[in-house]
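Pasting target_26.cif here (mmCIF, C-alpha atoms and all ligand atoms):
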data_query
loop_
_atom_site.label_atom_id
_atom_site.label_comp_id
_atom_site.auth_asym_id
_atom_site.auth_seq_id
_atom_site.Cartn_x
_atom_site.Cartn_y
_atom_site.Cartn_z
CA MET T 1 14.24 -13.50 -43.78
CA THR T 2 15.50 -12.35 -47.16
CA ASN T 3 18.52 -13.36 -49.18
CA ILE T 4 19.30 -11.56 -52.43
CA GLN T 5 22.40 -12.58 -54.40
CA ILE T 6 23.56 -10.47 -57.33
CA LEU T 7 26.13 -12.25 -59.50
CA THR T 8 28.20 -10.18 -61.92
CA GLY T 9 28.76 -11.74 -65.34
CA ASP T 10 27.29 -13.39 -68.41
CA CYS T 11 24.24 -15.46 -67.48
CA LEU T 12 25.23 -18.06 -70.09
CA LYS T 13 28.37 -18.71 -68.01
CA LEU T 14 26.82 -18.19 -64.57
CA LEU T 15 23.68 -20.32 -64.97
CA PRO T 16 25.64 -23.62 -65.18
CA THR T 17 27.08 -22.83 -61.72
CA LEU T 18 23.60 -22.96 -60.13
CA GLU T 19 22.39 -26.15 -58.53
CA GLU T 20 19.92 -28.25 -60.51
CA SER T 21 16.25 -27.97 -59.42
CA SER T 22 16.99 -25.18 -56.94
CA ILE T 23 14.79 -22.40 -58.35
CA GLN T 24 11.01 -22.14 -58.08
CA SER T 25 10.38 -19.38 -60.60
CA CYS T 26 12.30 -17.25 -63.06
CA ILE T 27 11.06 -13.69 -63.65
CA THR T 28 13.00 -11.81 -66.26
CA SER T 29 13.20 -9.30 -69.07
CA PRO T 30 16.11 -9.85 -71.47
CA PRO T 31 17.38 -7.01 -73.65
CA TYR T 32 15.14 -6.49 -76.67
CA TRP T 33 16.88 -7.21 -79.96
CA GLY T 34 18.78 -4.25 -81.39
CA LEU T 35 17.24 -1.69 -79.09
CA ARG T 36 19.51 -0.55 -76.25
CA ASP T 37 23.25 -0.76 -75.88
CA TYR T 38 24.13 -2.12 -72.45
CA ASP T 39 27.79 -1.43 -73.15
CA HIS T 40 29.28 -4.91 -72.92
CA ASP T 41 30.78 -7.26 -75.54
CA ASP T 42 28.81 -10.27 -74.25
CA GLN T 43 25.43 -8.59 -74.16
CA ILE T 44 22.43 -10.38 -75.57
CA GLY T 45 20.38 -8.22 -77.94
CA SER T 46 23.32 -6.97 -80.03
CA GLU T 47 23.39 -9.98 -82.40
CA GLU T 48 23.62 -9.10 -86.09
CA SER T 49 20.61 -11.26 -86.84
CA PRO T 50 17.39 -11.72 -84.87
CA ILE T 51 17.71 -15.47 -85.58
CA GLU T 52 20.88 -15.51 -83.45
CA TYR T 53 19.10 -13.51 -80.77
CA VAL T 54 16.33 -16.11 -80.55
CA GLU T 55 18.94 -18.91 -80.48
CA ASN T 56 20.82 -17.20 -77.64
CA LEU T 57 17.64 -16.86 -75.60
CA VAL T 58 16.82 -20.54 -76.20
CA SER T 59 20.29 -21.42 -74.83
CA VAL T 60 19.79 -19.23 -71.76
CA PHE T 61 16.37 -20.70 -70.98
CA ARG T 62 17.56 -24.27 -71.59
CA GLU T 63 19.99 -23.70 -68.73
CA VAL T 64 17.24 -21.98 -66.68
CA ARG T 65 15.13 -25.14 -67.14
CA ARG T 66 17.88 -27.24 -65.57
CA THR T 67 17.90 -24.99 -62.49
CA LEU T 68 14.09 -25.01 -62.11
CA LYS T 69 12.21 -27.37 -59.83
CA ALA T 70 9.89 -29.78 -61.63
CA ASP T 71 6.87 -27.59 -60.76
CA GLY T 72 8.70 -24.35 -61.62
CA THR T 73 7.75 -21.56 -64.03
CA VAL T 74 9.27 -18.83 -66.18
CA TRP T 75 7.69 -15.38 -66.58
CA LEU T 76 9.29 -13.77 -69.59
CA ASN T 77 8.80 -10.13 -70.60
CA VAL T 78 10.08 -9.52 -74.11
CA GLY T 79 9.53 -6.66 -76.55
CA ASP T 80 9.18 -6.26 -80.29
CA GLY T 81 10.71 -3.98 -82.92
CA TYR T 82 10.41 -2.95 -86.54
CA ALA T 83 12.57 -3.93 -89.50
CA ARG T 84 13.82 -0.80 -91.24
CA ASN T 85 15.88 0.01 -94.29
CA GLY T 86 18.09 3.06 -94.59
CA GLY T 87 17.48 4.50 -91.16
CA THR T 88 20.12 6.42 -89.29
CA GLY T 89 22.44 3.59 -88.23
CA SER T 90 26.21 3.51 -88.16
CA CYS T 91 26.01 3.62 -91.96
CA GLY T 92 23.54 6.50 -91.90
CA PRO T 93 23.87 10.25 -91.54
CA ASN T 94 23.30 10.41 -87.77
CA ALA T 95 25.78 7.75 -86.70
CA ALA T 96 27.23 9.77 -83.83
CA VAL T 97 24.50 9.16 -81.29
CA GLY T 98 24.17 8.74 -77.56
CA ASN T 99 24.71 5.39 -75.88
CA THR T 100 21.09 4.34 -75.48
CA LYS T 101 20.31 4.97 -79.14
CA LYS T 102 23.36 3.38 -80.79
CA MET T 103 21.87 -0.05 -81.20
CA ILE T 104 18.48 0.89 -82.61
CA GLN T 105 20.15 3.24 -85.04
CA ARG T 106 22.25 0.36 -86.35
CA ARG T 107 19.21 -1.93 -86.51
CA ASN T 108 17.35 0.65 -88.55
CA CYS T 109 20.04 0.48 -91.23
CA LYS T 110 19.05 -2.71 -92.96
CA VAL T 111 16.14 -5.13 -92.85
CA PRO T 112 17.40 -8.52 -91.58
CA GLU T 113 17.45 -11.17 -94.28
CA CYS T 114 15.13 -13.65 -92.61
CA TRP T 115 11.49 -14.55 -92.05
CA GLY T 116 10.46 -12.67 -95.21
CA LEU T 117 10.90 -9.35 -93.41
CA LYS T 118 10.36 -6.18 -95.39
CA ASP T 119 10.94 -2.52 -94.64
CA ARG T 120 8.61 -1.38 -91.82
CA ASP T 121 7.59 -4.92 -90.83
CA LEU T 122 6.85 -5.52 -87.16
CA ILE T 123 9.28 -8.35 -86.46
CA GLY T 124 7.02 -10.27 -84.07
CA LEU T 125 9.95 -11.19 -81.84
CA PRO T 126 8.01 -11.99 -78.65
CA TRP T 127 6.09 -14.76 -80.39
CA ARG T 128 9.13 -15.96 -82.32
CA VAL T 129 10.95 -16.34 -78.99
CA ALA T 130 7.90 -18.00 -77.41
CA PHE T 131 7.55 -20.52 -80.26
CA ALA T 132 11.28 -21.28 -80.17
CA LEU T 133 11.08 -21.95 -76.43
CA GLN T 134 7.99 -24.10 -76.94
CA ASN T 135 9.87 -26.02 -79.59
CA ASP T 136 12.74 -26.49 -77.12
CA GLY T 137 10.50 -28.23 -74.59
CA TRP T 138 8.82 -25.46 -72.59
CA ILE T 139 5.06 -25.57 -72.06
CA LEU T 140 3.59 -22.22 -73.07
CA ARG T 141 0.79 -21.55 -70.58
CA SER T 142 -0.21 -17.92 -70.97
CA HIS T 143 0.35 -14.73 -72.91
CA ILE T 144 -0.22 -11.71 -70.70
CA THR T 145 -0.54 -8.29 -72.29
CA TRP T 146 1.11 -5.64 -70.18
CA ILE T 147 -0.77 -2.43 -70.92
CA LYS T 148 1.62 0.41 -70.16
CA LYS T 149 0.28 3.43 -68.32
CA ASN T 150 2.33 6.42 -69.54
CA ALA T 151 3.83 4.52 -72.51
CA MET T 152 6.62 6.33 -74.33
CA PRO T 153 5.08 8.58 -77.02
CA GLU T 154 5.95 7.65 -80.62
CA SER T 155 5.92 10.13 -83.50
CA VAL T 156 4.08 7.83 -85.92
CA ARG T 157 1.31 8.82 -88.32
CA ASN T 158 0.59 5.57 -90.16
CA ARG T 159 -0.18 3.14 -87.31
CA PRO T 160 -1.40 3.20 -83.70
CA SER T 161 1.29 3.93 -81.11
CA ASN T 162 2.59 0.94 -79.19
CA ALA T 163 1.57 0.85 -75.56
CA THR T 164 1.74 -2.85 -74.72
CA GLU T 165 4.34 -5.55 -74.14
CA SER T 166 4.20 -9.30 -73.74
CA VAL T 167 4.74 -11.40 -70.64
CA PHE T 168 4.75 -15.16 -71.31
CA LEU T 169 4.20 -17.80 -68.65
CA PHE T 170 6.04 -21.07 -69.33
CA SER T 171 6.12 -24.20 -67.20
CA LYS T 172 8.64 -27.00 -67.05
CA SER T 173 5.95 -29.67 -66.51
CA PRO T 174 2.21 -29.91 -67.26
CA SER T 175 1.48 -29.61 -63.55
CA TYR T 176 3.20 -26.68 -61.84
CA TYR T 177 2.95 -24.34 -58.85
CA TYR T 178 0.55 -21.45 -59.46
CA ASP T 179 -1.19 -19.73 -56.56
CA ARG T 180 -4.33 -18.40 -58.24
CA ASN T 181 -5.41 -16.74 -54.97
CA ALA T 182 -2.22 -14.74 -54.53
CA VAL T 183 -3.28 -12.07 -57.05
CA ARG T 184 -6.92 -11.64 -58.04
CA GLU T 185 -8.98 -9.02 -59.84
CA PRO T 186 -10.40 -6.25 -57.58
CA THR T 187 -13.82 -7.93 -58.00
CA GLY T 188 -12.39 -11.17 -56.59
CA ALA T 189 -12.49 -12.87 -60.02
CA ASN T 190 -9.61 -14.96 -61.35
CA LEU T 191 -6.75 -12.74 -62.54
CA ARG T 192 -7.08 -11.82 -66.22
CA ASN T 193 -4.31 -11.88 -68.78
CA TYR T 194 -4.04 -8.13 -69.24
CA TRP T 195 -2.19 -6.14 -66.62
CA ILE T 196 -2.41 -2.36 -66.57
CA LEU T 197 0.77 -1.19 -64.91
CA GLY T 198 2.58 2.13 -64.84
CA PRO T 199 6.27 2.79 -64.47
CA ASP T 200 7.54 3.03 -60.88
CA SER T 201 7.57 6.59 -59.61
CA SER T 202 11.19 6.45 -58.44
CA ARG T 203 13.84 6.15 -61.16
CA SER T 204 16.39 3.37 -60.69
CA GLY T 205 19.16 4.81 -62.88
CA HIS T 206 18.86 1.85 -65.30
CA PRO T 207 17.36 2.63 -68.73
CA ALA T 208 14.95 -0.31 -68.89
CA THR T 209 13.53 -1.27 -65.51
CA PHE T 210 10.20 -3.02 -65.40
CA PRO T 211 7.61 -2.03 -62.77
CA LYS T 212 8.14 -3.66 -59.36
CA GLU T 213 4.44 -4.60 -59.41
CA LEU T 214 5.02 -6.68 -62.55
CA ALA T 215 7.77 -8.68 -60.84
CA ALA T 216 5.72 -8.90 -57.62
CA ARG T 217 2.69 -10.38 -59.39
CA CYS T 218 4.79 -13.08 -61.06
CA ILE T 219 6.59 -13.87 -57.80
CA LEU T 220 3.34 -14.11 -55.83
CA LEU T 221 1.67 -16.32 -58.44
CA GLY T 222 4.72 -18.51 -59.06
CA SER T 223 6.35 -19.07 -55.65
CA ARG T 224 5.83 -19.50 -51.91
CA GLU T 225 7.51 -17.60 -49.09
CA GLY T 226 11.05 -18.91 -48.62
CA ASP T 227 11.35 -20.11 -52.24
CA THR T 228 14.17 -18.90 -54.48
CA VAL T 229 13.46 -16.91 -57.63
CA LEU T 230 15.87 -16.19 -60.47
CA ASP T 231 16.46 -13.27 -62.83
CA PRO T 232 19.32 -13.97 -65.30
CA PHE T 233 18.99 -10.43 -66.76
CA GLY T 234 18.90 -8.68 -63.40
CA GLY T 235 19.43 -5.04 -64.49
CA SER T 236 18.78 -2.81 -61.50
CA ALA T 237 17.50 -5.76 -59.41
CA THR T 238 13.77 -5.01 -59.55
CA THR T 239 13.06 -8.75 -59.28
CA GLY T 240 15.37 -8.95 -56.24
CA LEU T 241 13.68 -6.00 -54.58
CA ALA T 242 10.21 -7.47 -55.07
CA ALA T 243 11.42 -10.92 -53.97
CA GLY T 244 12.96 -9.55 -50.79
CA GLU T 245 9.83 -7.62 -49.92
CA LEU T 246 7.77 -10.79 -50.43
CA ASN T 247 10.08 -12.96 -48.29
CA ARG T 248 11.52 -14.93 -51.18
CA LYS T 249 15.20 -15.51 -51.82
CA ALA T 250 16.58 -14.34 -55.17
CA VAL T 251 19.52 -15.05 -57.44
CA LEU T 252 20.16 -12.31 -59.99
CA MET T 253 22.73 -12.13 -62.79
CA GLU T 254 23.87 -8.96 -64.53
CA LEU T 255 26.63 -8.38 -67.05
CA ASN T 256 27.29 -4.69 -66.53
CA PRO T 257 28.96 -3.92 -63.16
CA SER T 258 27.46 -0.43 -63.01
CA TYR T 259 23.94 -1.92 -63.08
CA VAL T 260 25.02 -4.46 -60.47
CA GLN T 261 26.01 -1.50 -58.29
CA ILE T 262 22.59 0.09 -58.79
CA GLY T 263 20.98 -3.23 -57.84
CA LEU T 264 23.12 -3.56 -54.73
CA THR T 265 22.17 -0.04 -53.64
CA ARG T 266 18.48 -0.67 -54.30
CA THR T 267 18.45 -3.89 -52.33
CA GLU T 268 20.87 -2.95 -49.54
CA ASN T 269 18.12 -2.01 -47.14
CA LEU T 270 16.59 -5.45 -47.50
CA GLN T 271 19.85 -7.01 -46.37
CA PRO T 272 23.53 -6.80 -47.37
CA ALA T 273 23.69 -8.46 -50.81
CA LEU T 274 26.39 -10.91 -51.78
CA GLN T 275 28.24 -10.14 -54.97
CA LEU T 276 30.21 -12.85 -56.74
CA GLN T 277 32.42 -12.52 -59.79
CA ALA T 278 32.00 -14.78 -62.83
CA GLY T 279 35.14 -16.50 -64.09
C1 LIG T 301 15.85 -5.13 -69.96
S1 LIG T 301 17.21 -5.06 -68.87
C2 LIG T 301 16.56 -5.77 -67.39
C3 LIG T 301 15.98 -4.72 -66.46
C4 LIG T 301 15.46 -5.28 -65.15
N1 LIG T 301 14.25 -6.07 -65.35
C5 LIG T 301 15.17 -4.13 -64.19
O1 LIG T 301 14.00 -3.92 -63.82
O2 LIG T 301 16.12 -3.41 -63.86
C6 LIG T 301 18.25 -6.35 -69.45
C7 LIG T 301 19.58 -6.44 -68.70
O3 LIG T 301 20.28 -7.61 -69.16
C8 LIG T 301 21.67 -7.34 -69.09
N2 LIG T 301 22.36 -8.34 -69.95
C9 LIG T 301 22.53 -8.35 -71.29
N3 LIG T 301 23.16 -9.46 -71.69
C10 LIG T 301 23.40 -10.20 -70.57
C11 LIG T 301 24.03 -11.44 -70.34
N4 LIG T 301 24.54 -12.17 -71.34
N5 LIG T 301 24.10 -11.91 -69.05
C12 LIG T 301 23.59 -11.16 -68.02
N6 LIG T 301 22.98 -9.96 -68.19
C13 LIG T 301 22.89 -9.48 -69.45
C14 LIG T 301 21.80 -5.90 -69.55
O4 LIG T 301 23.00 -5.30 -69.10
C15 LIG T 301 20.52 -5.27 -68.92
O5 LIG T 301 20.82 -4.66 -67.69
#
Please, can you express the file's structure as structure tokens?
Ligand SMILES: C[S@@+](CC[C@H](N)C(=O)[O-])C[C@H]1O[C@@H](n2cnc3c(N)ncnc32)[C@H](O)[C@@H]1O
Amino acid sequence: MTNIQILTGDCLKLLPTLEESSIQSCITSPPYWGLRDYDHDDQIGSEESPIEYVENLVSVFREVRRTLKADGTVWLNVGDGYARNGGTGSCGPNAAVGNTKKMIQRRNCKVPECWGLKDRDLIGLPWRVAFALQNDGWILRSHITWIKKNAMPESVRNRPSNATESVFLFSKSPSYYYDRNAVREPTGANLRNYWILGPDSSRSGHPATFPKELAARCILLGSREGDTVLDPFGGSATTGLAAGELNRKAVLMELNPSYVQIGLTRTENLQPALQLQAG
């Protein structure tokens, strides 16, 4: 039996409506700071400063912690970015740009005044978020490198092209549910902390879906059949799709109604999804 709920609204407002200790595992990928424009005033990732971005994520995951069972986990995929001066942002010469580029163009305008950042510095956001969450009470258990098959090409000549992202495993308590036999290496060895995964062959219509296999691995390792998993940044409902296929229940939250619609369509064959409106 599957049960996928997709809630429309700001996860910071929706999370407090969830029952305490009701979720086994949270699998999620928030917007990356200053990268894509998800076309909503309340979107995370559009903060002027990366410090605010980290603070917002700490607030989201503080509320996630309340909803997690004592032996619950969070699997967090978060990406990095470069500090740039004088790029082509809204102050630059190419300000009239398409929706998906608007944000990065603005970010490339001016190096943020924090953390000693200089022009062309890699910001190190995944680890800054991880340390902030650790400082807020989470136990940081693993850093998994997602090696991307078919990574987006970059036209850079002065550094290697990026082809990896981070997935952090956090637990609420020192002892937590982790099924080490649910996913193993092809040799039968314990799963390693680098996952080579390609993009899904079918396009979802959302600009930043993660591979279903990534969500599936986290769900298998972090929950049992019948458990409920959470994705507060649901996007096109990849976590819900994987959860349904693995006989887990899922609660997803997504700000942009058009992505909610994509998620509902993607998951409708699992079972009719329930859509609620945030106040
Ligand atoms: C990186 S995408 C997630 C993609 C998802 N993993 C998938 O496979 O489709 C991040 C999503 O978070 C949504 N979002 C941004 N701010 C939000 C907020 N405050 N509450 C809920 N969703 C938000 C964006 O609209 C975007 O769809």
Could you check the closest approach to T:Ala151 for each of T:Pro174, T:Gly198, T:Pro112, T:Gly240 and tell me which residue wins, using only C-alpha atoms?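 So, comparing all the options, the nearest one is T:Gly198.
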Can you tell me, as lines of an AutoDock Vina configuration file, the centre and edge lengths (Å, one decimal) of the axis-aligned box enclosing all of stretch 173-185 of chain T's listed atoms after padding each side by 5 Å?
center_x = -1.5
center_y = -19.5
center_z = -60.9
size_x = 24.9
size_y = 30.9
size_z = 22.7
Mind listing the residues within 7 Å of ligand LIG 301 (chain T), all atoms listed in the file counted, as a ChimeraX atom specification? /T:9-12,28-32,38,42-45,206,208-211,232-239,253-256,259
Tell me, as a VMD selection string, which residues lie within 12 Å of T:Arg128, counting all atoms listed in the file; anything in the same chain fewer than 2 positions away does not count. chain T and resid 33 50 to 55 57 to 58 78 to 80 115 122 to 126 130 to 135 166 168
From the list T:Gly116, T:Gly137, T:Gly86, T:Gly34, which residue is nearest T:Lys172 when using only C-alpha atoms?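 Of T:Gly116, T:Gly137, T:Gly86, T:Gly34, the one nearest T:Lys172, counting only C-alpha atoms, is T:Gly137.
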